[in-house]
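What follows is the content of protein-v4.csv (CSV, C-alpha atoms).
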```csv
chain,number,residue,atom,x,y,z
A,727,CYS,CA,18.1,8.5,-0.6
A,728,PRO,CA,17.0,11.5,-2.6
A,729,GLN,CA,13.3,12.0,-3.3
A,730,THR,CA,12.8,12.0,-7.1
A,731,PRO,CA,12.7,15.7,-8.0
A,732,VAL,CA,9.3,17.0,-9.2
A,733,VAL,CA,9.9,17.9,-12.8
A,734,GLU,CA,7.2,20.3,-14.2
A,735,ALA,CA,6.2,19.9,-17.9
A,736,PRO,CA,7.1,23.0,-19.9
A,737,GLU,CA,4.5,25.6,-20.5
A,738,VAL,CA,3.2,25.7,-24.0
A,739,ALA,CA,1.9,28.5,-26.2
A,740,ASP,CA,-1.1,26.6,-27.3
A,741,PRO,CA,-2.3,24.2,-24.5
A,742,ALA,CA,-5.3,23.0,-26.6
A,743,GLN,CA,-3.1,21.8,-29.4
A,744,ALA,CA,-0.6,20.2,-27.0
A,745,PHE,CA,-3.5,18.6,-25.3
A,746,ALA,CA,-4.7,16.9,-28.5
A,747,GLN,CA,-1.2,15.6,-29.1
A,748,HIS,CA,-0.8,14.4,-25.6
A,749,GLN,CA,-4.1,12.6,-25.7
A,750,GLN,CA,-3.2,11.1,-29.0
A,751,SER,CA,0.1,9.8,-27.6
A,752,LEU,CA,-1.8,8.1,-24.7
A,753,THR,CA,-3.8,6.0,-27.2
A,754,THR,CA,-0.7,4.0,-28.0
A,755,LEU,CA,-0.5,2.7,-24.4
A,756,SER,CA,-2.5,-0.5,-24.0
A,757,HIS,CA,-0.1,-2.6,-22.0
A,758,TRP,CA,1.2,-1.1,-18.7
A,759,GLN,CA,1.6,-1.5,-15.0
A,760,VAL,CA,1.5,1.1,-12.2
A,761,ARG,CA,2.6,0.7,-8.6
A,762,GLY,CA,1.9,3.2,-5.9
A,763,LYS,CA,-0.2,4.0,-2.8
A,764,VAL,CA,-3.9,4.6,-2.6
A,765,ALA,CA,-6.2,6.0,0.0
A,766,ILE,CA,-9.9,5.1,-0.3
A,767,LYS,CA,-12.2,7.2,1.8
A,768,THR,CA,-15.9,6.4,2.0
A,769,ALA,CA,-18.5,7.8,4.5
A,770,GLU,CA,-17.8,4.9,6.9
A,771,GLU,CA,-14.1,4.4,6.7
A,772,SER,CA,-10.8,5.3,5.1
A,773,ASN,CA,-8.2,2.7,4.1
A,774,THR,CA,-4.7,3.1,2.6
A,775,ALA,CA,-2.9,0.3,0.8
A,776,ASN,CA,-0.2,-0.4,-1.8
A,777,LEU,CA,-1.7,-0.6,-5.3
A,778,ASN,CA,-0.6,-2.6,-8.3
A,779,TRP,CA,-2.7,-2.1,-11.4
A,780,GLN,CA,-1.9,-4.0,-14.7
A,781,LEU,CA,-3.5,-3.5,-18.0
A,782,ALA,CA,-3.0,-5.7,-21.1
A,783,GLY,CA,-5.5,-4.6,-23.8
A,784,ALA,CA,-8.9,-5.4,-22.3
A,785,ASP,CA,-7.5,-7.6,-19.5
A,786,TYR,CA,-6.8,-5.9,-16.2
A,787,LYS,CA,-5.5,-6.9,-12.8
A,788,LEU,CA,-5.7,-4.9,-9.6
A,789,MET,CA,-3.9,-5.9,-6.4
A,790,LEU,CA,-4.2,-4.0,-3.2
A,791,THR,CA,-1.6,-5.0,-0.6
A,792,SER,CA,-1.2,-4.0,3.0
A,793,PHE,CA,2.0,-2.3,4.1
A,794,ILE,CA,3.4,-5.5,5.6
A,795,GLY,CA,2.7,-7.2,2.2
A,796,THR,CA,-0.4,-9.2,2.8
A,797,SER,CA,-3.0,-9.3,0.0
A,798,LEU,CA,-6.1,-7.1,0.8
A,799,MET,CA,-7.9,-7.4,-2.5
A,800,GLU,CA,-7.3,-8.9,-6.0
A,801,LEU,CA,-9.4,-8.3,-9.0
A,802,GLU,CA,-8.7,-9.8,-12.4
A,803,GLY,CA,-10.9,-9.6,-15.4
A,804,ASP,CA,-11.7,-8.4,-18.9
A,805,LYS,CA,-14.7,-6.6,-20.6
A,806,TYR,CA,-17.0,-9.5,-19.8
A,807,GLN,CA,-16.3,-11.0,-16.4
A,808,ALA,CA,-14.0,-10.7,-13.4
A,809,VAL,CA,-12.8,-12.7,-10.4
A,810,LEU,CA,-12.6,-10.9,-7.1
A,811,LYS,CA,-10.6,-12.2,-4.1
A,812,VAL,CA,-11.2,-10.4,-0.8
A,813,ASP,CA,-11.4,-11.4,2.8
A,814,GLY,CA,-10.5,-15.0,1.9
A,815,GLU,CA,-13.5,-15.3,-0.4
A,816,THR,CA,-13.4,-15.7,-4.2
A,817,TYR,CA,-16.2,-14.3,-6.3
A,818,HIS,CA,-16.9,-14.6,-10.1
A,819,SER,CA,-19.1,-12.0,-11.7
A,820,ARG,CA,-20.1,-10.5,-15.0
A,821,ALA,CA,-20.7,-7.1,-13.3
A,822,PRO,CA,-17.4,-6.5,-11.3
A,823,GLU,CA,-18.3,-3.0,-10.3
A,824,ARG,CA,-21.6,-4.1,-8.6
A,825,LEU,CA,-19.7,-7.0,-7.0
A,826,ILE,CA,-16.9,-4.7,-5.6
A,827,TYR,CA,-19.6,-2.4,-4.2
A,828,GLN,CA,-21.4,-5.2,-2.5
A,829,THR,CA,-18.3,-6.7,-1.0
A,830,THR,CA,-16.3,-3.6,-0.1
A,831,GLY,CA,-18.7,-0.7,-0.2
A,832,TRP,CA,-16.4,0.9,-2.7
A,833,ARG,CA,-17.6,2.3,-6.0
A,834,LEU,CA,-14.7,1.4,-8.4
A,835,PRO,CA,-15.5,2.1,-12.1
A,836,VAL,CA,-13.2,-0.6,-13.3
A,837,SER,CA,-13.9,0.0,-17.0
A,838,THR,CA,-13.0,3.7,-17.0
A,839,LEU,CA,-10.2,3.5,-14.4
A,840,PRO,CA,-7.4,2.8,-16.9
A,841,ASP,CA,-8.2,6.0,-18.8
A,842,TRP,CA,-8.3,8.0,-15.6
A,843,ILE,CA,-5.0,6.6,-14.4
A,844,LEU,CA,-3.4,7.4,-17.7
A,845,GLY,CA,-4.6,11.0,-17.6
A,846,ARG,CA,-6.8,10.3,-20.6
A,847,LEU,CA,-10.2,11.9,-21.3
A,848,SER,CA,-12.5,8.9,-20.8
A,849,GLN,CA,-15.4,10.5,-22.7
A,850,PRO,CA,-14.7,12.8,-25.7
A,851,ASN,CA,-17.3,15.4,-24.5
A,852,ALA,CA,-16.4,15.2,-20.8
A,853,LYS,CA,-15.9,18.6,-19.2
A,854,HIS,CA,-12.2,19.2,-18.6
A,855,VAL,CA,-9.6,21.7,-17.6
A,856,LEU,CA,-6.0,21.8,-19.0
A,857,ASP,CA,-2.9,22.8,-17.2
A,858,SER,CA,-0.4,25.2,-18.7
A,859,SER,CA,1.5,22.3,-20.5
A,860,GLY,CA,-1.7,21.0,-22.2
A,861,LYS,CA,-2.3,18.1,-20.0
A,862,LEU,CA,-5.4,17.3,-18.1
A,863,ALA,CA,-5.7,19.2,-14.8
A,864,SER,CA,-9.2,17.7,-14.3
A,865,GLN,CA,-12.0,15.9,-16.0
A,866,SER,CA,-15.6,15.6,-14.9
A,867,LEU,CA,-18.1,13.1,-16.3
A,868,GLN,CA,-21.0,10.8,-15.8
A,869,THR,CA,-20.4,7.1,-16.1
A,870,ASP,CA,-23.0,4.8,-17.7
A,871,ASP,CA,-24.6,4.0,-14.4
A,872,GLY,CA,-25.4,7.7,-14.0
A,873,LEU,CA,-22.7,8.4,-11.3
A,874,LEU,CA,-20.9,11.7,-11.4
A,875,TRP,CA,-17.1,11.7,-11.1
A,876,GLN,CA,-14.4,14.3,-11.1
A,877,ILE,CA,-10.7,13.5,-11.4
A,878,ASP,CA,-8.1,16.0,-10.4
A,879,TYR,CA,-4.5,15.6,-11.6
A,880,ARG,CA,-2.1,17.2,-9.1
A,881,GLU,CA,1.2,16.1,-10.5
A,882,TYR,CA,2.7,14.4,-13.6
A,883,GLN,CA,6.0,12.5,-14.2
A,884,GLN,CA,7.9,11.3,-17.2
A,885,ALA,CA,8.0,7.6,-17.9
A,886,GLY,CA,8.9,5.7,-21.1
A,887,GLY,CA,8.9,9.0,-23.1
A,888,HIS,CA,5.4,9.9,-21.9
A,889,TRP,CA,4.1,12.4,-19.4
A,890,LEU,CA,1.9,10.3,-17.1
A,891,PRO,CA,0.1,11.1,-13.8
A,892,ARG,CA,1.9,10.8,-10.5
A,893,LYS,CA,-0.7,12.2,-8.1
A,894,MET,CA,-4.4,12.3,-8.7
A,895,THR,CA,-7.7,12.4,-6.7
A,896,ILE,CA,-10.8,10.7,-7.9
A,897,HIS,CA,-14.0,12.2,-6.4
A,898,GLY,CA,-17.1,10.0,-6.8
A,899,PRO,CA,-20.5,9.4,-5.0
A,900,GLU,CA,-19.6,8.7,-1.3
A,901,ILE,CA,-16.0,7.9,-2.3
A,902,THR,CA,-12.7,9.8,-2.6
A,903,ILE,CA,-9.7,7.9,-4.0
A,904,LYS,CA,-6.3,9.5,-3.7
A,905,LEU,CA,-3.7,7.8,-5.8
A,906,VAL,CA,0.1,8.4,-5.8
A,907,ILE,CA,2.0,6.4,-8.5
A,908,SER,CA,5.6,5.7,-7.7
A,909,LYS,CA,6.4,3.5,-10.7
A,910,TRP,CA,5.1,3.3,-14.3
A,911,GLU,CA,6.1,0.3,-16.4
A,912,LEU,CA,5.1,0.6,-20.1
A,913,GLN,CA,5.3,-2.4,-22.5
A,914,ASP,CA,5.5,-1.4,-26.1
A,915,GLN,CA,4.1,-4.1,-28.2
B,1304,ALA,CA,16.5,-26.0,24.5
B,1305,PRO,CA,16.9,-23.4,21.8
B,1306,GLN,CA,16.4,-19.9,23.0
B,1307,THR,CA,12.8,-19.1,22.6
B,1308,LEU,CA,11.9,-16.6,19.9
B,1309,ARG,CA,10.8,-14.1,22.5
B,1310,ASP,CA,14.1,-14.4,24.3
B,1311,ARG,CA,15.9,-13.8,21.1
B,1312,LEU,CA,13.9,-10.8,20.2
B,1313,THR,CA,14.0,-9.2,23.7
B,1314,ALA,CA,17.7,-10.2,24.1
B,1315,HIS,CA,18.4,-6.8,22.6
B,1316,ARG,CA,16.8,-4.0,24.6
B,1317,SER,CA,17.0,-2.1,21.4
B,1318,PHE,CA,18.1,-2.5,17.7
B,1319,ILE,CA,18.1,-0.7,14.4
B,1320,ALA,CA,18.3,-2.4,11.0
B,1321,GLU,CA,17.8,-1.4,7.4
B,1322,PHE,CA,15.4,-3.5,5.3
B,1323,THR,CA,14.6,-4.2,1.7
B,1324,GLN,CA,11.1,-5.6,1.1
B,1325,GLN,CA,9.8,-7.6,-1.8
B,1326,VAL,CA,6.2,-8.9,-2.1
B,1327,HIS,CA,5.5,-11.8,-4.5
B,1328,SER,CA,2.1,-13.1,-5.3
B,1329,TYR,CA,1.3,-16.8,-5.0
B,1330,ASP,CA,2.4,-17.3,-8.6
B,1331,GLY,CA,5.7,-15.6,-8.1
B,1332,GLU,CA,4.9,-12.3,-9.6
B,1333,LEU,CA,6.6,-9.2,-8.0
B,1334,VAL,CA,3.7,-7.1,-6.6
B,1335,GLN,CA,5.5,-4.5,-4.5
B,1336,GLU,CA,9.0,-3.6,-3.3
B,1337,GLY,CA,10.4,-1.1,-0.8
B,1338,GLN,CA,13.3,-0.1,1.3
B,1339,GLY,CA,13.6,1.5,4.8
B,1340,VAL,CA,14.6,1.3,8.4
B,1341,ILE,CA,13.3,-0.5,11.5
B,1342,LYS,CA,14.0,0.7,15.0
B,1343,VAL,CA,12.9,-1.2,18.1
B,1344,LEU,CA,13.1,-0.2,21.8
B,1345,SER,CA,11.6,-2.9,24.1
B,1346,PRO,CA,9.0,-3.1,25.3
B,1347,ASP,CA,6.6,-2.1,22.6
B,1348,HIS,CA,8.4,0.9,21.1
B,1349,PHE,CA,8.8,0.6,17.4
B,1350,ILE,CA,9.5,2.6,14.2
B,1351,TRP,CA,9.1,1.1,10.8
B,1352,GLN,CA,10.0,3.7,8.2
B,1353,THR,CA,9.8,3.0,4.5
B,1354,VAL,CA,11.6,5.5,2.3
B,1355,LEU,CA,11.5,3.9,-1.2
B,1356,PRO,CA,9.6,3.9,-3.5
B,1357,ASP,CA,7.9,6.4,-1.3
B,1358,GLU,CA,7.6,7.4,2.3
B,1359,HIS,CA,5.5,5.5,4.7
B,1360,LEU,CA,5.7,5.2,8.5
B,1361,VAL,CA,4.3,2.8,11.1
B,1362,GLN,CA,5.3,3.9,14.6
B,1363,SER,CA,4.3,2.8,18.1
B,1364,ASP,CA,5.1,4.2,21.6
B,1365,GLY,CA,3.4,1.2,23.2
B,1366,ASN,CA,0.0,3.1,23.5
B,1367,THR,CA,-0.7,4.4,20.1
B,1368,VAL,CA,0.2,3.1,16.7
B,1369,TRP,CA,0.5,5.8,14.0
B,1370,VAL,CA,0.4,4.9,10.4
B,1371,PHE,CA,1.5,8.0,8.5
B,1372,ASN,CA,1.4,8.4,4.8
B,1373,PRO,CA,2.9,11.7,3.7
B,1374,LEU,CA,2.1,11.3,0.0
B,1375,LEU,CA,-1.6,10.7,0.8
B,1376,GLU,CA,-1.4,13.4,3.5
B,1377,GLN,CA,-3.1,11.0,5.9
B,1378,VAL,CA,-2.3,9.6,9.4
B,1379,SER,CA,-4.3,6.8,11.0
B,1380,LEU,CA,-4.1,6.2,14.8
B,1381,TYR,CA,-4.8,2.8,16.4
B,1382,SER,CA,-4.7,1.5,20.0
B,1383,ALA,CA,-1.5,-0.4,20.3
B,1384,SER,CA,-3.2,-3.0,22.5
B,1385,GLU,CA,-5.5,-3.9,19.6
B,1386,VAL,CA,-3.1,-4.0,16.6
B,1387,MET,CA,-0.1,-5.3,18.5
B,1388,GLN,CA,-0.8,-9.0,18.0
B,1389,ASP,CA,-2.2,-8.7,14.5
B,1390,SER,CA,0.9,-7.6,12.8
B,1391,PRO,CA,4.0,-9.7,12.8
B,1392,ILE,CA,6.1,-6.6,12.3
B,1393,LEU,CA,4.8,-5.1,15.6
B,1394,LEU,CA,5.4,-8.4,17.3
B,1395,LEU,CA,9.1,-7.7,16.9
B,1396,ALA,CA,8.8,-5.3,19.8
B,1397,GLU,CA,6.2,-7.3,21.7
B,1398,SER,CA,7.2,-8.7,25.1
B,1399,ASP,CA,3.8,-9.6,26.6
B,1400,PRO,CA,3.8,-13.5,27.0
B,1401,GLU,CA,0.0,-13.5,26.6
B,1402,VAL,CA,0.3,-12.1,23.1
B,1403,TRP,CA,3.0,-14.6,22.2
B,1404,ALA,CA,0.9,-17.4,23.6
B,1405,GLN,CA,-1.4,-16.9,20.6
B,1406,TYR,CA,1.3,-18.2,18.4
B,1407,ARG,CA,2.9,-21.6,17.9
B,1408,VAL,CA,6.6,-21.3,17.3
B,1409,ARG,CA,8.7,-24.0,15.6
B,1410,VAL,CA,12.5,-23.8,15.5
B,1411,VAL,CA,14.5,-25.1,12.5
B,1412,GLY,CA,18.2,-24.3,13.2
B,1413,GLU,CA,18.2,-20.5,13.5
B,1414,ARG,CA,14.9,-20.1,11.7
B,1415,TYR,CA,11.7,-19.6,13.6
B,1416,GLU,CA,8.3,-20.5,12.0
B,1417,VAL,CA,5.5,-18.7,13.8
B,1418,THR,CA,1.9,-19.8,13.2
B,1419,PRO,CA,-1.2,-18.2,14.7
B,1420,GLN,CA,-3.0,-20.6,17.0
B,1421,VAL,CA,-6.3,-19.3,15.7
B,1422,THR,CA,-6.3,-20.0,12.0
B,1423,GLY,CA,-8.4,-18.4,9.3
B,1424,GLY,CA,-6.9,-15.0,9.7
B,1425,ASN,CA,-5.2,-13.3,6.7
B,1426,ILE,CA,-1.7,-14.3,8.0
B,1427,GLU,CA,-0.9,-17.9,7.5
B,1428,ARG,CA,2.5,-17.8,9.1
B,1429,PHE,CA,5.6,-15.8,9.3
B,1430,GLU,CA,9.3,-16.8,9.6
B,1431,LEU,CA,12.2,-15.1,11.3
B,1432,GLN,CA,15.8,-16.0,10.4
B,1433,PHE,CA,18.7,-15.2,12.7
B,1434,GLN,CA,22.4,-15.3,12.2
B,1435,GLY,CA,24.0,-15.4,15.6
B,1436,ASP,CA,22.1,-12.7,17.5
B,1437,LYS,CA,21.3,-10.7,14.3
B,1438,LEU,CA,17.8,-10.9,12.8
B,1439,THR,CA,18.5,-11.2,9.1
B,1440,GLU,CA,15.1,-12.0,7.5
B,1441,LEU,CA,11.3,-11.7,8.2
B,1442,LEU,CA,9.0,-13.5,5.8
B,1443,ILE,CA,5.2,-13.1,6.0
B,1444,ILE,CA,3.0,-15.5,4.1
B,1445,ASP,CA,-0.7,-14.6,3.9
B,1446,SER,CA,-3.7,-16.8,3.3
B,1447,GLN,CA,-3.6,-16.2,-0.4
B,1448,GLY,CA,0.0,-17.5,-0.5
B,1449,GLN,CA,1.4,-14.0,-1.0
B,1450,ARG,CA,4.9,-13.8,0.3
B,1451,SER,CA,6.3,-10.5,1.8
B,1452,GLN,CA,10.0,-10.9,2.4
B,1453,PHE,CA,12.0,-8.3,4.5
B,1454,THR,CA,15.8,-8.8,4.2
B,1455,LEU,CA,17.5,-7.0,7.1
B,1456,THR,CA,21.0,-5.6,7.0
B,1457,SER,CA,23.2,-3.3,9.2
B,1458,PHE,CA,21.6,-4.8,12.2
B,1459,THR,CA,22.9,-2.8,15.2
B,1460,ALA,CA,22.1,-3.8,18.8
B,1461,PRO,CA,22.0,-2.2,21.2
B,1462,ALA,CA,21.1,1.0,19.5
B,1463,LYS,CA,21.0,4.6,21.1
B,1464,LEU,CA,17.2,5.1,21.1
B,1465,THR,CA,15.1,7.2,23.5
B,1466,GLU,CA,11.4,6.8,24.2
B,1467,GLN,CA,10.7,10.4,23.0
B,1468,GLU,CA,11.8,9.4,19.6
B,1469,PHE,CA,8.8,7.0,19.4
B,1470,LEU,CA,6.3,9.8,20.0
B,1471,PHE,CA,4.9,10.9,16.7
B,1472,THR,CA,3.9,14.5,16.2
B,1473,ILE,CA,1.2,14.8,13.6
B,1474,PRO,CA,2.1,17.4,11.0
B,1475,ALA,CA,-0.3,20.2,10.0
B,1476,ASP,CA,-2.9,19.9,7.2
B,1477,VAL,CA,-2.9,16.1,7.3
B,1478,ASP,CA,-6.2,14.0,7.4
B,1479,ILE,CA,-6.4,12.3,10.8
B,1480,ASP,CA,-8.2,9.0,10.8
B,1481,ASP,CA,-8.4,8.2,14.5
B,1482,GLN,CA,-9.4,4.5,15.0
B,1483,ARG,CA,-8.4,4.2,18.6
B,1484,THR,CA,-10.9,2.6,20.9
B,1485,GLN,CA,-10.9,5.3,23.5
B,1486,PRO,CA,-8.9,8.2,22.0
B,1487,ASP,CA,-7.4,10.1,25.0
B,1488,ALA,CA,-8.5,13.6,25.7
B,1489,GLY,CA,-5.2,15.1,24.5
```
Turn the structure described in the file into structure tokens.
Amino acid sequence: CPQTPVVEAPEVADPAQAFAQHQQSLTTLSHWQVRGKVAIKTAEESNTANLNWQLAGADYKLMLTSFIGTSLMELEGDKYQAVLKVDGETYHSRAPERLIYQTTGWRLPVSTLPDWILGRLSQPNAKHVLDSSGKLASQSLQTDDGLLWQIDYREYQQAGGHWLPRKMTIHGPEITIKLVISKWELQDQ
Amino acid sequence: APQTLRDRLTAHRSFIAEFTQQVHSYDGELVQEGQGVIKVLSPDHFIWQTVLPDEHLVQSDGNTVWVFNPLLEQVSLYSASEVMQDSPILLLAESDPEVWAQYRVRVVGERYEVTPQVTGGNIERFELQFQGDKLTELLIIDSQGQRSQFTLTSFTAPAKLTEQEFLFTIPADVDIDDQRTQPDAG
């Protein structure tokens, strides 16, 4: 079975202008699902899992599954609250990011993750670097809780008429998250 | 009495099969899917290679279990003795009666339902379906009710497999996450 060929986006004369257009096109995407693999490395340990992330407007659902298919973690929520299922326990919280950190030791900025996964600048003034086709090569920013993050985009793919990330690495405080997306599903409303 | 599950699994000294995997959450939603190949050489030698949607490998030579993820450029090493009984997949190659004693097996026709004696783990039960001497399905149900179903095809037994094939050579520039209890000097 052939590996999907890596298709590079064409170089453009004016990356900044292409960047503005690309970022604009991403604003239309509010309902989507990604499936892929994730490696989460903290100071203590490193885990790999299958990832399924769904976004529907402000509602999100993250499912981490082991390779034999058992559920490792499930997080479902919206802007205000979230339900976390991990290690057979179920938690309700209005601060999902603090809850995730307490239960798993992972810092997971749930509110900004959708933009990062999309390859979208999550803060207008965030420091960023473009690739030759005008897409984000990296963005660095400080989240509201004062934590510093850098997201490097290593590969893009085409899905539903959009250029979307395939490989990225999220560098955060005591955490590195490597994400490889094998499938994008976009729902146009 | 019906052949015990262990007899059925160890009846073939070796087998190869292709699999498609579908994972559905408790409410029936498709969470993950994949395709690949399983190779087993008793005792305790095992390759489970996923090729779609992306490559992933779980391999054991009876001493070490390697979990290799090329996309993530990472390989994790575990002591086989520790992980062998935790994962139903690895049990396919397991011959140690002591490990099997930790499971209750119920037979319904050619379908075996296997439940851990010690409950509370993340695996509630798993089921193996045979047709004649071919294993055709493995279903793993976890404590959240998530169902991971492997449908096996092109089951070939015996299969020409050598022990060397189950030794994994770690490629260059890959993160090594060695979780073995006493990693050998080598």
Excluding same-chain residues fewer than 4 positions from Leu839 of chain A, what lies within 10 Å of it counting all atoms listed in the file, as a PDB file with C-alpha atoms, keeping the file's coordinate frame?
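Output (selection.pdb):
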```pdb
ATOM      1  CA  TRP A 779      -2.700  -2.100 -11.400  1.00  0.00           C
ATOM      2  CA  LEU A 834     -14.700   1.400  -8.400  1.00  0.00           C
ATOM      3  CA  PRO A 835     -15.500   2.100 -12.100  1.00  0.00           C
ATOM      4  CA  ILE A 843      -5.000   6.600 -14.400  1.00  0.00           C
ATOM      5  CA  LEU A 844      -3.400   7.400 -17.700  1.00  0.00           C
ATOM      6  CA  GLY A 845      -4.600  11.000 -17.600  1.00  0.00           C
ATOM      7  CA  ARG A 846      -6.800  10.300 -20.600  1.00  0.00           C
ATOM      8  CA  SER A 848     -12.500   8.900 -20.800  1.00  0.00           C
ATOM      9  CA  ILE A 896     -10.800  10.700  -7.900  1.00  0.00           C
TER      10      ILE A 896
END
```
Find the residues of chain B in contact range of chain A, meaning any atom within 9 Å when counting only C-alpha atoms, and list them as a PyMOL selection string. chain B and resi 1324-1328+1334-1335+1354-1357+1359+1361+1372+1374-1375+1377+1379+1390-1392+1423-1426+1443-1452+1480
Straight-line distance linking atom CA of Thr1418 of chain B with atom CA of Pro1461 of chain B, stated in Å to one decimal: 27.9 Å
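The space between atom CA of Pro1373 of chain B and atom CA of Glu734 of chain A spans 20.3 Å.
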Polymer residues at most 12 Å from Arg1316 of chain B, all atoms listed in the file, same-chain spacing of 4 or more positions, as a list of chain:residue names: B:Arg1309, B:Asp1310, B:Arg1311, B:Leu1312, B:Lys1342, B:Val1343, B:Leu1344, B:Ser1345, B:Pro1346, B:Asp1347, B:His1348, B:Phe1349, B:Leu1395, B:Ala1396, B:Glu1397, B:Ser1398, B:Thr1459, B:Ala1460, B:Pro1461, B:Ala1462, B:Lys1463, B:Leu1464, B:Thr1465
Go ahead and dump the residues you just picked, C-alpha atoms, as a tab-separated table (two decimals), keeping the file's coordinate frame.
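That gives us result.tsv:
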```
chain	number	residue	atom	x	y	z
B	1309	ARG	CA	10.80	-14.10	22.50
B	1310	ASP	CA	14.10	-14.40	24.30
B	1311	ARG	CA	15.90	-13.80	21.10
B	1312	LEU	CA	13.90	-10.80	20.20
B	1342	LYS	CA	14.00	0.70	15.00
B	1343	VAL	CA	12.90	-1.20	18.10
B	1344	LEU	CA	13.10	-0.20	21.80
B	1345	SER	CA	11.60	-2.90	24.10
B	1346	PRO	CA	9.00	-3.10	25.30
B	1347	ASP	CA	6.60	-2.10	22.60
B	1348	HIS	CA	8.40	0.90	21.10
B	1349	PHE	CA	8.80	0.60	17.40
B	1395	LEU	CA	9.10	-7.70	16.90
B	1396	ALA	CA	8.80	-5.30	19.80
B	1397	GLU	CA	6.20	-7.30	21.70
B	1398	SER	CA	7.20	-8.70	25.10
B	1459	THR	CA	22.90	-2.80	15.20
B	1460	ALA	CA	22.10	-3.80	18.80
B	1461	PRO	CA	22.00	-2.20	21.20
B	1462	ALA	CA	21.10	1.00	19.50
B	1463	LYS	CA	21.00	4.60	21.10
B	1464	LEU	CA	17.20	5.10	21.10
B	1465	THR	CA	15.10	7.20	23.50
```
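Residues in contact with segment 745-756 of chain A at up to 6 Å, not including ones fewer than 2 positions away on its chain and judged by all atoms listed in the file, are Pro741, Ala742, Gln743, Ala782, Gly783, Gly860 and Lys861 of chain A.
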Tell me, in Å to one decimal, how far atom CA of Trp832 of chain A is from atom CA of Ala784 of chain A. 21.9 Å
Determine, counting all atoms listed in the file, every residue of protein, DNA or RNA that lies within 10 Å of (-1.6, -4.9, -18.2) in the file coordinates, then give the result as an mmCIF file with C-alpha atoms, in the frame of the given file.
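Just written: result.cif:
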```cif
data_model
loop_
_atom_site.group_PDB
_atom_site.id
_atom_site.type_symbol
_atom_site.label_atom_id
_atom_site.label_comp_id
_atom_site.auth_asym_id
_atom_site.auth_seq_id
_atom_site.Cartn_x
_atom_site.Cartn_y
_atom_site.Cartn_z
ATOM 1 C CA LEU A 755 -0.500 2.700 -24.400
ATOM 2 C CA SER A 756 -2.500 -0.500 -24.000
ATOM 3 C CA HIS A 757 -0.100 -2.600 -22.000
ATOM 4 C CA TRP A 758 1.200 -1.100 -18.700
ATOM 5 C CA GLN A 759 1.600 -1.500 -15.000
ATOM 6 C CA VAL A 760 1.500 1.100 -12.200
ATOM 7 C CA TRP A 779 -2.700 -2.100 -11.400
ATOM 8 C CA GLN A 780 -1.900 -4.000 -14.700
ATOM 9 C CA LEU A 781 -3.500 -3.500 -18.000
ATOM 10 C CA ALA A 782 -3.000 -5.700 -21.100
ATOM 11 C CA GLY A 783 -5.500 -4.600 -23.800
ATOM 12 C CA ALA A 784 -8.900 -5.400 -22.300
ATOM 13 C CA ASP A 785 -7.500 -7.600 -19.500
ATOM 14 C CA TYR A 786 -6.800 -5.900 -16.200
ATOM 15 C CA LYS A 787 -5.500 -6.900 -12.800
ATOM 16 C CA LEU A 788 -5.700 -4.900 -9.600
ATOM 17 C CA PRO A 840 -7.400 2.800 -16.900
ATOM 18 C CA GLU A 911 6.100 0.300 -16.400
ATOM 19 C CA LEU A 912 5.100 0.600 -20.100
ATOM 20 C CA GLN A 913 5.300 -2.400 -22.500
#
```
The residue from A:Leu825, A:Ile766, A:Trp889, A:Ala808 with the smallest atom-to-atom distance to Ser859 of chain A, counting all atoms listed in the file, is A:Trp889
Excluding same-chain residues fewer than 4 positions from Leu862 of chain A, what lies within 7 Å of it counting only C-alpha atoms, as a list in words?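 Residues near the query, excluding close chain neighbours: Gly845, Val855, Leu856, Asp857 and Tyr879 of chain A.
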For each of B:Arg1428, B:Thr1307, B:Ala1320, B:Glu1466, take the minimum atom-to-atom distance to Phe1453 of chain B, counting only C-alpha atoms, then give the residue where this is smallest.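 Selected residue with least distance to Phe1453 of chain B: B:Ala1320.
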If we count all atoms listed in the file, what is near Thr1456 of chain B at a cut-off of 8 Å, once residues fewer than 5 positions away on the same chain are taken out, given as a PDB file with C-alpha atoms, in the coordinates of the input?
```pdb
ATOM      1  CA  ALA B1320      18.300  -2.400  11.000  1.00  0.00           C
ATOM      2  CA  GLU B1321      17.800  -1.400   7.400  1.00  0.00           C
ATOM      3  CA  PHE B1322      15.400  -3.500   5.300  1.00  0.00           C
ATOM      4  CA  THR B1439      18.500 -11.200   9.100  1.00  0.00           C
TER       5      THR B1439
END
```
Residue nearest Ala735 of chain A among A:Asp870, A:Glu770, A:Glu881, A:Glu900 (counting all atoms listed in the file):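 Using all atoms listed in the file, the shortest distance to Ala735 of chain A belongs to A:Glu881.
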For Thr1323 of chain B, which of B:Ala1404, B:Asp1399, B:Val1477, B:Leu1441 is the closest residue, counting all atoms listed in the file?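 For Thr1323 of chain B, the nearest of the given residues is B:Leu1441.
When only C-alpha atoms are used to measure the gap to Pro850 of chain A, the shortest distance among A:Gln807, A:Val733, A:Ala769, A:Gln868 belongs to A:Gln868.
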